[in-house]
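Below: one structure, written as structure tokens.
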Amino acid sequence: MPEILRLGVNIDHVATIRNARGGHHPDPLRAAHLAAKAGADGITAHLREDRRHMTDTDIESLIAEINLPLNLEMAATDEMLKIALKHRPHAACIVPEKRQERTTEGGLDAIGTQNNLMPIIRSLTERGIRVSLFIEADIEQIDAAKNLGAPVVEIHTGAYCDASGILRRQELSRIKKAASYAADLNIEVHAGHGLGFDTVGEVAEIPQFTELNIGHFLIGEAIFGGLDSSIRRMRSLMDNARATVTGERSA
Ligand code: PXP
């Protein structure tokens, strides 16, 4: 039975635009409220070590003001752990982070960094924060996530979105296998990175996914048609794709 598919709207790049000029506009909190009205099931925000988009104040405002679950993306560092434990978001997605990268390039090495990850996952879990590990569609990484006791993994869809032709088919097949493998281990499976209107459908059809986290494309598309419209269209593409699996196509 396919799971319900939630949409987590990542609002980092509202802050990127705001920070280009300083000041308060556009306000990520306003975007979060709008996303909720447009059909988002959750808000995702990445507090980076260099604070290039979201700031500590943004996270405080989101925690205080939004009614949707907040998924805090964070690097596995002491600083971020402290912040997460203080704010207690609904979920924390642990991501790899390099200062020089433009965006999160590739998944976490849950095998090679397990000694660092273990106490962080334990502390977050003890505070009632649902931990997910952002990993590549790789069976060994999923095994490592299971051994670390992570209840959720988020599969990196960036390589699939960037590829074309036969390579895209191969990436999709890797993602399908990983989603099925993780679900068989009773790990909840999410997906995200790089998804847009033309790529979301095939990913949404994978029945094991329960959540997609999407940001950059939605904020970019909002320039042309507005944020409400870009989120509603994404939501409907996701819902219709999932309905092809359940047989309940929506209007
Ligand atoms: N999921 C995770 C773990 C991410 O790091 C990101 C990017 O911040 C996303 C989803 C959203 O990716 P995009 O902005 O490309 O939609």
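Just remember, in the structure tokens the first chain shown is A, the second B, etc., residues are 1-based per chain, and ligands are 1-based in the order shown.
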
Kindly compile the residues surrounding ligand 1 within 9 Å, counting only C-alpha atoms and all ligand atoms, and format them as an mmCIF file with all heavy atoms, in the first residue's frame.
```
data_model
loop_
_atom_site.group_PDB
_atom_site.id
_atom_site.type_symbol
_atom_site.label_atom_id
_atom_site.label_comp_id
_atom_site.auth_asym_id
_atom_site.auth_seq_id
_atom_site.Cartn_x
_atom_site.Cartn_y
_atom_site.Cartn_z
ATOM 1 N N GLY A 8 7.522 18.869 1.713
ATOM 2 C CA GLY A 8 8.237 19.811 2.582
ATOM 3 C C GLY A 8 8.804 20.912 1.702
ATOM 4 O O GLY A 8 9.553 20.631 0.759
ATOM 5 N N VAL A 9 8.416 22.147 1.970
ATOM 6 C CA VAL A 9 8.911 23.256 1.148
ATOM 7 C C VAL A 9 10.142 23.869 1.819
ATOM 8 O O VAL A 9 10.079 24.319 2.963
ATOM 9 C CB VAL A 9 7.813 24.326 0.918
ATOM 10 C CG1 VAL A 9 8.396 25.558 0.230
ATOM 11 C CG2 VAL A 9 6.680 23.737 0.075
ATOM 12 N N ASN A 10 11.237 23.832 1.078
ATOM 13 C CA ASN A 10 12.500 24.387 1.584
ATOM 14 C C ASN A 10 12.554 25.877 1.207
ATOM 15 O O ASN A 10 12.505 26.220 0.022
ATOM 16 C CB ASN A 10 13.664 23.607 0.959
ATOM 17 C CG ASN A 10 15.012 24.109 1.436
ATOM 18 O OD1 ASN A 10 15.242 25.316 1.491
ATOM 19 N ND2 ASN A 10 15.914 23.213 1.773
ATOM 20 N N ILE A 11 12.637 26.725 2.221
ATOM 21 C CA ILE A 11 12.548 28.176 1.985
ATOM 22 C C ILE A 11 13.907 28.877 2.069
ATOM 23 O O ILE A 11 13.965 30.097 2.136
ATOM 24 C CB ILE A 11 11.542 28.828 2.961
ATOM 25 C CG1 ILE A 11 11.915 28.508 4.417
ATOM 26 C CG2 ILE A 11 10.122 28.382 2.656
ATOM 27 C CD1 ILE A 11 11.115 29.290 5.432
ATOM 28 N N ASP A 12 14.995 28.110 2.026
ATOM 29 C CA ASP A 12 16.337 28.710 2.142
ATOM 30 C C ASP A 12 16.551 29.867 1.168
ATOM 31 O O ASP A 12 17.168 30.884 1.507
ATOM 32 C CB ASP A 12 17.427 27.672 1.829
ATOM 33 C CG ASP A 12 17.518 26.586 2.876
ATOM 34 O OD1 ASP A 12 16.911 26.738 3.952
ATOM 35 O OD2 ASP A 12 18.192 25.570 2.605
ATOM 36 N N HIS A 13 16.065 29.678 -0.064
ATOM 37 C CA HIS A 13 16.451 30.656 -1.086
ATOM 38 C C HIS A 13 15.604 31.923 -1.077
ATOM 39 O O HIS A 13 15.929 32.878 -1.775
ATOM 40 C CB HIS A 13 16.552 29.974 -2.448
ATOM 41 C CG HIS A 13 17.646 28.946 -2.419
ATOM 42 N ND1 HIS A 13 18.952 29.287 -2.142
ATOM 43 C CD2 HIS A 13 17.614 27.595 -2.516
ATOM 44 C CE1 HIS A 13 19.691 28.174 -2.119
ATOM 45 N NE2 HIS A 13 18.898 27.145 -2.338
ATOM 46 N N THR A 44 11.035 23.203 5.442
ATOM 47 C CA THR A 44 12.411 22.753 5.600
ATOM 48 C C THR A 44 13.335 23.959 5.518
ATOM 49 O O THR A 44 13.126 24.842 4.686
ATOM 50 C CB THR A 44 12.759 21.718 4.507
ATOM 51 O OG1 THR A 44 11.969 20.544 4.730
ATOM 52 C CG2 THR A 44 14.211 21.321 4.538
ATOM 53 N N ALA A 45 14.319 24.007 6.411
ATOM 54 C CA ALA A 45 15.274 25.118 6.395
ATOM 55 C C ALA A 45 16.636 24.592 6.812
ATOM 56 O O ALA A 45 16.740 23.791 7.748
ATOM 57 C CB ALA A 45 14.816 26.210 7.359
ATOM 58 N N HIS A 46 17.662 25.033 6.103
ATOM 59 C CA HIS A 46 19.034 24.590 6.374
ATOM 60 C C HIS A 46 19.797 25.740 7.015
ATOM 61 O O HIS A 46 20.013 26.771 6.380
ATOM 62 C CB HIS A 46 19.673 24.178 5.038
ATOM 63 C CG HIS A 46 21.041 23.593 5.156
ATOM 64 N ND1 HIS A 46 21.731 23.104 4.064
ATOM 65 C CD2 HIS A 46 21.861 23.393 6.217
ATOM 66 C CE1 HIS A 46 22.908 22.642 4.453
ATOM 67 N NE2 HIS A 46 23.020 22.817 5.753
ATOM 68 N N GLU A 73 17.549 21.240 8.529
ATOM 69 C CA GLU A 73 18.714 20.576 7.933
ATOM 70 C C GLU A 73 19.948 21.104 8.629
ATOM 71 O O GLU A 73 20.101 22.331 8.790
ATOM 72 C CB GLU A 73 18.796 20.891 6.435
ATOM 73 C CG GLU A 73 17.706 20.220 5.639
ATOM 74 C CD GLU A 73 17.783 20.603 4.172
ATOM 75 O OE1 GLU A 73 18.720 21.303 3.764
ATOM 76 O OE2 GLU A 73 16.873 20.214 3.443
ATOM 77 N N MET A 74 20.832 20.205 9.010
ATOM 78 C CA MET A 74 21.999 20.616 9.802
ATOM 79 C C MET A 74 23.200 19.721 9.546
ATOM 80 O O MET A 74 23.057 18.535 9.265
ATOM 81 C CB MET A 74 21.648 20.590 11.301
ATOM 82 C CG MET A 74 21.090 19.245 11.773
ATOM 83 S SD MET A 74 20.800 19.174 13.549
ATOM 84 C CE MET A 74 22.390 18.555 14.126
ATOM 85 N N CYS A 93 17.346 16.864 9.718
ATOM 86 C CA CYS A 93 17.942 16.092 8.626
ATOM 87 C C CYS A 93 19.434 16.403 8.613
ATOM 88 O O CYS A 93 19.830 17.556 8.397
ATOM 89 C CB CYS A 93 17.286 16.487 7.306
ATOM 90 S SG CYS A 93 17.978 15.596 5.907
ATOM 91 N N ILE A 94 20.237 15.388 8.858
ATOM 92 C CA ILE A 94 21.687 15.612 8.929
ATOM 93 C C ILE A 94 22.267 15.525 7.521
ATOM 94 O O ILE A 94 22.063 14.534 6.805
ATOM 95 C CB ILE A 94 22.356 14.612 9.882
ATOM 96 C CG1 ILE A 94 21.694 14.721 11.267
ATOM 97 C CG2 ILE A 94 23.850 14.879 9.980
ATOM 98 C CD1 ILE A 94 22.273 13.828 12.322
ATOM 99 N N VAL A 95 22.954 16.599 7.143
ATOM 100 C CA VAL A 95 23.494 16.710 5.780
ATOM 101 C C VAL A 95 25.000 16.946 5.848
ATOM 102 O O VAL A 95 25.501 17.469 6.830
ATOM 103 C CB VAL A 95 22.812 17.880 5.014
ATOM 104 C CG1 VAL A 95 21.318 17.676 4.917
ATOM 105 C CG2 VAL A 95 23.117 19.228 5.653
ATOM 106 N N PRO A 96 25.714 16.563 4.767
ATOM 107 C CA PRO A 96 27.146 16.889 4.739
ATOM 108 C C PRO A 96 27.270 18.373 4.399
ATOM 109 O O PRO A 96 26.394 18.917 3.726
ATOM 110 C CB PRO A 96 27.680 16.038 3.585
ATOM 111 C CG PRO A 96 26.505 15.829 2.695
ATOM 112 C CD PRO A 96 25.282 15.879 3.552
ATOM 113 N N THR A 103 25.847 24.087 -3.128
ATOM 114 C CA THR A 103 24.682 23.502 -2.472
ATOM 115 C C THR A 103 25.149 22.162 -1.912
ATOM 116 O O THR A 103 26.324 21.834 -2.026
ATOM 117 C CB THR A 103 23.517 23.340 -3.483
ATOM 118 O OG1 THR A 103 22.403 22.756 -2.801
ATOM 119 C CG2 THR A 103 23.899 22.446 -4.648
ATOM 120 N N THR A 104 24.236 21.407 -1.279
ATOM 121 C CA THR A 104 24.661 20.142 -0.678
ATOM 122 C C THR A 104 24.995 19.144 -1.782
ATOM 123 O O THR A 104 24.110 18.588 -2.423
ATOM 124 C CB THR A 104 23.537 19.594 0.225
ATOM 125 O OG1 THR A 104 23.072 20.665 1.038
ATOM 126 C CG2 THR A 104 24.043 18.477 1.102
ATOM 127 N N GLU A 105 26.295 18.965 -1.992
ATOM 128 C CA GLU A 105 26.749 18.109 -3.093
ATOM 129 C C GLU A 105 26.959 16.692 -2.589
ATOM 130 O O GLU A 105 27.899 16.433 -1.866
ATOM 131 C CB GLU A 105 28.076 18.649 -3.652
ATOM 132 C CG GLU A 105 27.930 19.964 -4.381
ATOM 133 C CD GLU A 105 29.252 20.702 -4.526
ATOM 134 O OE1 GLU A 105 30.297 20.153 -4.138
ATOM 135 O OE2 GLU A 105 29.221 21.844 -5.008
ATOM 136 N N GLY A 107 25.571 12.904 -0.823
ATOM 137 C CA GLY A 107 24.988 12.542 0.466
ATOM 138 C C GLY A 107 26.045 12.421 1.548
ATOM 139 O O GLY A 107 27.249 12.520 1.307
ATOM 140 N N SER A 132 16.681 12.323 10.353
ATOM 141 C CA SER A 132 16.884 11.671 9.055
ATOM 142 C C SER A 132 18.308 11.918 8.591
ATOM 143 O O SER A 132 18.930 12.923 8.961
ATOM 144 C CB SER A 132 15.857 12.134 8.020
ATOM 145 O OG SER A 132 16.186 13.380 7.512
ATOM 146 N N LEU A 133 18.824 10.984 7.807
ATOM 147 C CA LEU A 133 20.171 11.120 7.246
ATOM 148 C C LEU A 133 20.036 11.292 5.739
ATOM 149 O O LEU A 133 19.354 10.495 5.072
ATOM 150 C CB LEU A 133 21.024 9.878 7.543
ATOM 151 C CG LEU A 133 21.226 9.495 9.016
ATOM 152 C CD1 LEU A 133 22.189 8.312 9.117
ATOM 153 C CD2 LEU A 133 21.720 10.656 9.850
ATOM 154 N N PHE A 134 20.656 12.344 5.224
ATOM 155 C CA PHE A 134 20.588 12.639 3.792
ATOM 156 C C PHE A 134 21.691 11.855 3.099
ATOM 157 O O PHE A 134 22.873 12.177 3.238
ATOM 158 C CB PHE A 134 20.787 14.137 3.604
ATOM 159 C CG PHE A 134 20.560 14.633 2.202
ATOM 160 C CD1 PHE A 134 19.475 14.226 1.452
ATOM 161 C CD2 PHE A 134 21.428 15.558 1.643
ATOM 162 C CE1 PHE A 134 19.252 14.714 0.174
ATOM 163 C CE2 PHE A 134 21.219 16.059 0.360
ATOM 164 C CZ PHE A 134 20.124 15.628 -0.374
ATOM 165 N N ILE A 135 21.326 10.802 2.379
ATOM 166 C CA ILE A 135 22.327 9.892 1.806
ATOM 167 C C ILE A 135 22.058 9.641 0.315
ATOM 168 O O ILE A 135 20.960 9.874 -0.166
ATOM 169 C CB ILE A 135 22.354 8.527 2.551
ATOM 170 C CG1 ILE A 135 20.960 7.892 2.553
ATOM 171 C CG2 ILE A 135 22.902 8.675 3.961
ATOM 172 C CD1 ILE A 135 20.929 6.480 3.097
ATOM 173 N N GLU A 154 16.797 10.349 3.875
ATOM 174 C CA GLU A 154 16.357 11.120 2.706
ATOM 175 C C GLU A 154 17.327 10.803 1.578
ATOM 176 O O GLU A 154 18.541 10.958 1.719
ATOM 177 C CB GLU A 154 16.345 12.620 3.008
ATOM 178 C CG GLU A 154 15.868 13.423 1.802
ATOM 179 C CD GLU A 154 15.546 14.887 2.116
ATOM 180 O OE1 GLU A 154 15.087 15.181 3.234
ATOM 181 O OE2 GLU A 154 15.774 15.713 1.222
ATOM 182 N N ILE A 155 16.774 10.314 0.474
ATOM 183 C CA ILE A 155 17.608 9.914 -0.659
ATOM 184 C C ILE A 155 17.870 11.137 -1.540
ATOM 185 O O ILE A 155 16.930 11.842 -1.939
ATOM 186 C CB ILE A 155 16.909 8.808 -1.498
ATOM 187 C CG1 ILE A 155 16.541 7.588 -0.629
ATOM 188 C CG2 ILE A 155 17.762 8.410 -2.699
ATOM 189 C CD1 ILE A 155 17.672 6.734 -0.166
ATOM 190 N N HIS A 156 19.145 11.348 -1.858
ATOM 191 C CA HIS A 156 19.583 12.490 -2.677
ATOM 192 C C HIS A 156 19.168 12.245 -4.128
ATOM 193 O O HIS A 156 19.610 11.281 -4.751
ATOM 194 C CB HIS A 156 21.111 12.586 -2.562
ATOM 195 C CG HIS A 156 21.679 13.912 -2.954
ATOM 196 N ND1 HIS A 156 21.401 14.504 -4.156
ATOM 197 C CD2 HIS A 156 22.522 14.750 -2.306
ATOM 198 C CE1 HIS A 156 22.055 15.660 -4.229
ATOM 199 N NE2 HIS A 156 22.740 15.834 -3.107
ATOM 200 N N THR A 157 18.330 13.135 -4.667
ATOM 201 C CA THR A 157 17.855 12.961 -6.044
ATOM 202 C C THR A 157 18.605 13.857 -7.038
ATOM 203 O O THR A 157 18.218 13.939 -8.215
ATOM 204 C CB THR A 157 16.336 13.263 -6.132
ATOM 205 O OG1 THR A 157 16.070 14.508 -5.471
ATOM 206 C CG2 THR A 157 15.510 12.177 -5.500
ATOM 207 N N GLY A 158 19.663 14.521 -6.568
ATOM 208 C CA GLY A 158 20.380 15.474 -7.418
ATOM 209 C C GLY A 158 20.948 14.844 -8.682
ATOM 210 O O GLY A 158 20.805 15.400 -9.777
ATOM 211 N N HIS A 190 12.435 9.433 2.578
ATOM 212 C CA HIS A 190 12.133 10.718 1.943
ATOM 213 C C HIS A 190 13.060 10.879 0.741
ATOM 214 O O HIS A 190 14.003 10.111 0.566
ATOM 215 C CB HIS A 190 12.380 11.876 2.922
ATOM 216 C CG HIS A 190 11.580 11.793 4.183
ATOM 217 N ND1 HIS A 190 11.763 12.637 5.240
ATOM 218 C CD2 HIS A 190 10.563 10.963 4.560
ATOM 219 C CE1 HIS A 190 10.906 12.352 6.199
ATOM 220 N NE2 HIS A 190 10.179 11.329 5.825
ATOM 221 N N ALA A 191 12.785 11.926 -0.046
ATOM 222 C CA ALA A 191 13.679 12.217 -1.176
ATOM 223 C C ALA A 191 13.751 13.717 -1.370
ATOM 224 O O ALA A 191 12.844 14.450 -0.984
ATOM 225 C CB ALA A 191 13.155 11.553 -2.453
ATOM 226 N N GLY A 192 14.830 14.169 -1.969
ATOM 227 C CA GLY A 192 14.931 15.592 -2.258
ATOM 228 C C GLY A 192 16.250 15.957 -2.882
ATOM 229 O O GLY A 192 17.215 15.191 -2.861
ATOM 230 N N HIS A 193 16.269 17.117 -3.425
ATOM 231 C CA HIS A 193 17.377 17.832 -4.064
ATOM 232 C C HIS A 193 17.204 17.874 -5.576
ATOM 233 O O HIS A 193 17.148 16.846 -6.227
ATOM 234 C CB HIS A 193 18.760 17.269 -3.721
ATOM 235 C CG HIS A 193 19.790 18.370 -3.706
ATOM 236 N ND1 HIS A 193 20.329 18.882 -4.849
ATOM 237 C CD2 HIS A 193 20.306 19.094 -2.695
ATOM 238 C CE1 HIS A 193 21.153 19.867 -4.531
ATOM 239 N NE2 HIS A 193 21.145 20.030 -3.234
ATOM 240 N N GLY A 194 17.089 19.095 -6.065
ATOM 241 C CA GLY A 194 17.045 19.323 -7.507
ATOM 242 C C GLY A 194 15.708 19.078 -8.169
ATOM 243 O O GLY A 194 15.580 19.235 -9.382
ATOM 244 N N LEU A 195 14.696 18.676 -7.406
ATOM 245 C CA LEU A 195 13.424 18.304 -8.049
ATOM 246 C C LEU A 195 12.702 19.525 -8.614
ATOM 247 O O LEU A 195 12.709 20.603 -8.011
ATOM 248 C CB LEU A 195 12.508 17.580 -7.037
ATOM 249 C CG LEU A 195 13.006 16.203 -6.595
ATOM 250 C CD1 LEU A 195 12.205 15.690 -5.404
ATOM 251 C CD2 LEU A 195 12.943 15.201 -7.755
ATOM 252 N N GLY A 196 12.110 19.338 -9.787
ATOM 253 C CA GLY A 196 11.341 20.392 -10.449
ATOM 254 C C GLY A 196 10.083 19.784 -11.047
ATOM 255 O O GLY A 196 9.812 18.592 -10.863
ATOM 256 N N LEU A 212 8.720 14.496 0.100
ATOM 257 C CA LEU A 212 9.690 15.108 -0.823
ATOM 258 C C LEU A 212 10.002 16.495 -0.293
ATOM 259 O O LEU A 212 9.083 17.248 0.067
ATOM 260 C CB LEU A 212 9.114 15.213 -2.240
ATOM 261 C CG LEU A 212 8.620 13.921 -2.898
ATOM 262 C CD1 LEU A 212 8.163 14.201 -4.331
ATOM 263 C CD2 LEU A 212 9.701 12.840 -2.889
ATOM 264 N N ASN A 213 11.283 16.844 -0.242
ATOM 265 C CA ASN A 213 11.686 18.190 0.182
ATOM 266 C C ASN A 213 12.212 18.946 -1.028
ATOM 267 O O ASN A 213 13.170 18.518 -1.663
ATOM 268 C CB ASN A 213 12.738 18.095 1.291
ATOM 269 C CG ASN A 213 12.090 17.680 2.592
ATOM 270 O OD1 ASN A 213 11.201 18.384 3.085
ATOM 271 N ND2 ASN A 213 12.473 16.538 3.118
ATOM 272 N N ILE A 214 11.535 20.064 -1.318
ATOM 273 C CA ILE A 214 11.811 20.787 -2.567
ATOM 274 C C ILE A 214 11.934 22.276 -2.263
ATOM 275 O O ILE A 214 11.100 22.838 -1.542
ATOM 276 C CB ILE A 214 10.683 20.547 -3.592
ATOM 277 C CG1 ILE A 214 10.402 19.037 -3.747
ATOM 278 C CG2 ILE A 214 11.038 21.177 -4.938
ATOM 279 C CD1 ILE A 214 9.305 18.676 -4.733
ATOM 280 N N GLY A 215 12.986 22.898 -2.809
ATOM 281 C CA GLY A 215 13.187 24.316 -2.523
ATOM 282 C C GLY A 215 13.543 25.160 -3.720
ATOM 283 O O GLY A 215 12.741 25.950 -4.206
ATOM 284 N N HIS A 216 14.769 24.993 -4.223
ATOM 285 C CA HIS A 216 15.318 25.926 -5.205
ATOM 286 C C HIS A 216 14.393 26.141 -6.403
ATOM 287 O O HIS A 216 14.132 27.276 -6.815
ATOM 288 C CB HIS A 216 16.699 25.427 -5.659
ATOM 289 C CG HIS A 216 17.379 26.359 -6.592
ATOM 290 N ND1 HIS A 216 17.303 26.226 -7.967
ATOM 291 C CD2 HIS A 216 18.119 27.463 -6.368
ATOM 292 C CE1 HIS A 216 17.984 27.200 -8.533
ATOM 293 N NE2 HIS A 216 18.486 27.968 -7.596
ATOM 294 N N PHE A 217 13.870 25.050 -6.946
ATOM 295 C CA PHE A 217 13.016 25.192 -8.129
ATOM 296 C C PHE A 217 11.751 25.994 -7.799
ATOM 297 O O PHE A 217 11.322 26.853 -8.574
ATOM 298 C CB PHE A 217 12.638 23.809 -8.685
ATOM 299 C CG PHE A 217 11.769 23.899 -9.902
ATOM 300 C CD1 PHE A 217 12.333 23.990 -11.165
ATOM 301 C CD2 PHE A 217 10.381 23.941 -9.788
ATOM 302 C CE1 PHE A 217 11.528 24.114 -12.301
ATOM 303 C CE2 PHE A 217 9.575 24.066 -10.913
ATOM 304 C CZ PHE A 217 10.151 24.155 -12.170
ATOM 305 N N LEU A 218 11.160 25.707 -6.638
ATOM 306 C CA LEU A 218 9.908 26.397 -6.270
ATOM 307 C C LEU A 218 10.119 27.895 -6.113
ATOM 308 O O LEU A 218 9.286 28.694 -6.544
ATOM 309 C CB LEU A 218 9.367 25.826 -4.943
ATOM 310 C CG LEU A 218 8.776 24.422 -4.996
ATOM 311 C CD1 LEU A 218 8.441 23.944 -3.592
ATOM 312 C CD2 LEU A 218 7.529 24.405 -5.875
ATOM 313 N N ILE A 219 11.235 28.263 -5.502
ATOM 314 C CA ILE A 219 11.496 29.691 -5.275
ATOM 315 C C ILE A 219 11.831 30.355 -6.618
ATOM 316 O O ILE A 219 11.372 31.463 -6.907
ATOM 317 C CB ILE A 219 12.653 29.896 -4.261
ATOM 318 C CG1 ILE A 219 12.380 29.117 -2.951
ATOM 319 C CG2 ILE A 219 12.878 31.388 -3.984
ATOM 320 C CD1 ILE A 219 11.082 29.386 -2.258
#
```

Non-local contacts of region 110-125 of chain A (12 Å; only C-alpha atoms; under 4 positions in same chain excluded) as an MDAnalysis selection string: chainID A and resid 72 74:96 106 129:136 138:153

Nearest residue to Ser173 (chain A) from the set A:Ala204, A:Met238, A:Leu227, A:Ala137 (distances using only C-alpha atoms): A:Ala137

Filtered DSSP result for region 51-173 of chain A, state helix (DSSP H, G or I), as a ChimeraX atom specification: /A:56-65,78-87,114-126,139-147,158-162,165-173

Atoms kept (C-alpha atoms) for selection, written as a PDB file, in the first residue's frame:
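Output saved as out.pdb:
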```pdb
ATOM      1  CA  ASP A  56      19.612  31.872  13.692  1.00  0.00           C
ATOM      2  CA  THR A  57      16.843  34.494  13.971  1.00  0.00           C
ATOM      3  CA  ASP A  58      15.004  32.907  11.016  1.00  0.00           C
ATOM      4  CA  ILE A  59      15.026  29.545  12.770  1.00  0.00           C
ATOM      5  CA  GLU A  60      13.768  31.147  16.003  1.00  0.00           C
ATOM      6  CA  SER A  61      10.912  32.873  14.128  1.00  0.00           C
ATOM      7  CA  LEU A  62       9.945  29.705  12.265  1.00  0.00           C
ATOM      8  CA  ILE A  63       9.834  27.683  15.468  1.00  0.00           C
ATOM      9  CA  ALA A  64       7.768  30.354  17.216  1.00  0.00           C
ATOM     10  CA  GLU A  65       5.354  31.241  14.422  1.00  0.00           C
ATOM     11  CA  ASP A  78      28.448  20.478  18.065  1.00  0.00           C
ATOM     12  CA  GLU A  79      27.242  23.969  17.209  1.00  0.00           C
ATOM     13  CA  MET A  80      24.281  22.719  15.157  1.00  0.00           C
ATOM     14  CA  LEU A  81      23.452  20.045  17.705  1.00  0.00           C
ATOM     15  CA  LYS A  82      23.203  22.707  20.414  1.00  0.00           C
ATOM     16  CA  ILE A  83      20.910  24.819  18.260  1.00  0.00           C
ATOM     17  CA  ALA A  84      18.677  21.856  17.395  1.00  0.00           C
ATOM     18  CA  LEU A  85      18.424  20.760  21.025  1.00  0.00           C
ATOM     19  CA  LYS A  86      17.511  24.306  22.040  1.00  0.00           C
ATOM     20  CA  HIS A  87      14.737  24.733  19.447  1.00  0.00           C
ATOM     21  CA  GLN A 114      29.465   6.890  12.108  1.00  0.00           C
ATOM     22  CA  ASN A 115      31.490   7.645  15.235  1.00  0.00           C
ATOM     23  CA  ASN A 116      30.647  11.321  14.862  1.00  0.00           C
ATOM     24  CA  LEU A 117      27.018  10.686  13.907  1.00  0.00           C
ATOM     25  CA  MET A 118      26.115   8.210  16.625  1.00  0.00           C
ATOM     26  CA  PRO A 119      26.073  10.554  19.653  1.00  0.00           C
ATOM     27  CA  ILE A 120      24.382  13.292  17.625  1.00  0.00           C
ATOM     28  CA  ILE A 121      21.594  10.975  16.482  1.00  0.00           C
ATOM     29  CA  ARG A 122      21.210   9.732  20.045  1.00  0.00           C
ATOM     30  CA  SER A 123      20.972  13.236  21.550  1.00  0.00           C
ATOM     31  CA  LEU A 124      18.459  14.428  18.968  1.00  0.00           C
ATOM     32  CA  THR A 125      16.333  11.311  19.364  1.00  0.00           C
ATOM     33  CA  GLU A 126      16.351  11.601  23.163  1.00  0.00           C
ATOM     34  CA  ILE A 139      22.523   0.106  -0.055  1.00  0.00           C
ATOM     35  CA  GLU A 140      25.605   0.276   2.182  1.00  0.00           C
ATOM     36  CA  GLN A 141      24.735   3.786   3.319  1.00  0.00           C
ATOM     37  CA  ILE A 142      21.219   2.586   4.150  1.00  0.00           C
ATOM     38  CA  ASP A 143      22.657  -0.292   6.181  1.00  0.00           C
ATOM     39  CA  ALA A 144      24.814   2.219   8.055  1.00  0.00           C
ATOM     40  CA  ALA A 145      21.765   4.424   8.734  1.00  0.00           C
ATOM     41  CA  LYS A 146      19.941   1.378  10.108  1.00  0.00           C
ATOM     42  CA  ASN A 147      22.890   0.487  12.353  1.00  0.00           C
ATOM     43  CA  GLY A 158      20.380  15.474  -7.418  1.00  0.00           C
ATOM     44  CA  ALA A 159      22.211  13.046  -9.738  1.00  0.00           C
ATOM     45  CA  TYR A 160      18.880  11.852 -11.172  1.00  0.00           C
ATOM     46  CA  CYS A 161      17.706  15.416 -11.806  1.00  0.00           C
ATOM     47  CA  ASP A 162      21.009  16.431 -13.417  1.00  0.00           C
ATOM     48  CA  GLY A 165      18.656   9.832 -21.256  1.00  0.00           C
ATOM     49  CA  ILE A 166      19.932   6.430 -20.210  1.00  0.00           C
ATOM     50  CA  LEU A 167      21.850   7.876 -17.263  1.00  0.00           C
ATOM     51  CA  ARG A 168      18.668   9.332 -15.840  1.00  0.00           C
ATOM     52  CA  ARG A 169      16.955   5.921 -16.173  1.00  0.00           C
ATOM     53  CA  GLN A 170      19.875   4.327 -14.325  1.00  0.00           C
ATOM     54  CA  GLU A 171      19.721   6.895 -11.536  1.00  0.00           C
ATOM     55  CA  LEU A 172      15.974   6.391 -11.179  1.00  0.00           C
ATOM     56  CA  SER A 173      16.420   2.666 -10.957  1.00  0.00           C
TER      57      SER A 173
END
```

Non-local contacts of Asn19 (chain A) (12 Å; only C-alpha atoms; under 2 positions in same chain excluded) as a list in words: Asp12, His13, Val14, Ala15, Thr16, Ile17, Arg21, Gly22, Gly23, His24, His25, Pro26, Asp27, Pro28, Arg51, Arg52, His53, Met54, Thr55 and Asp58 of chain A
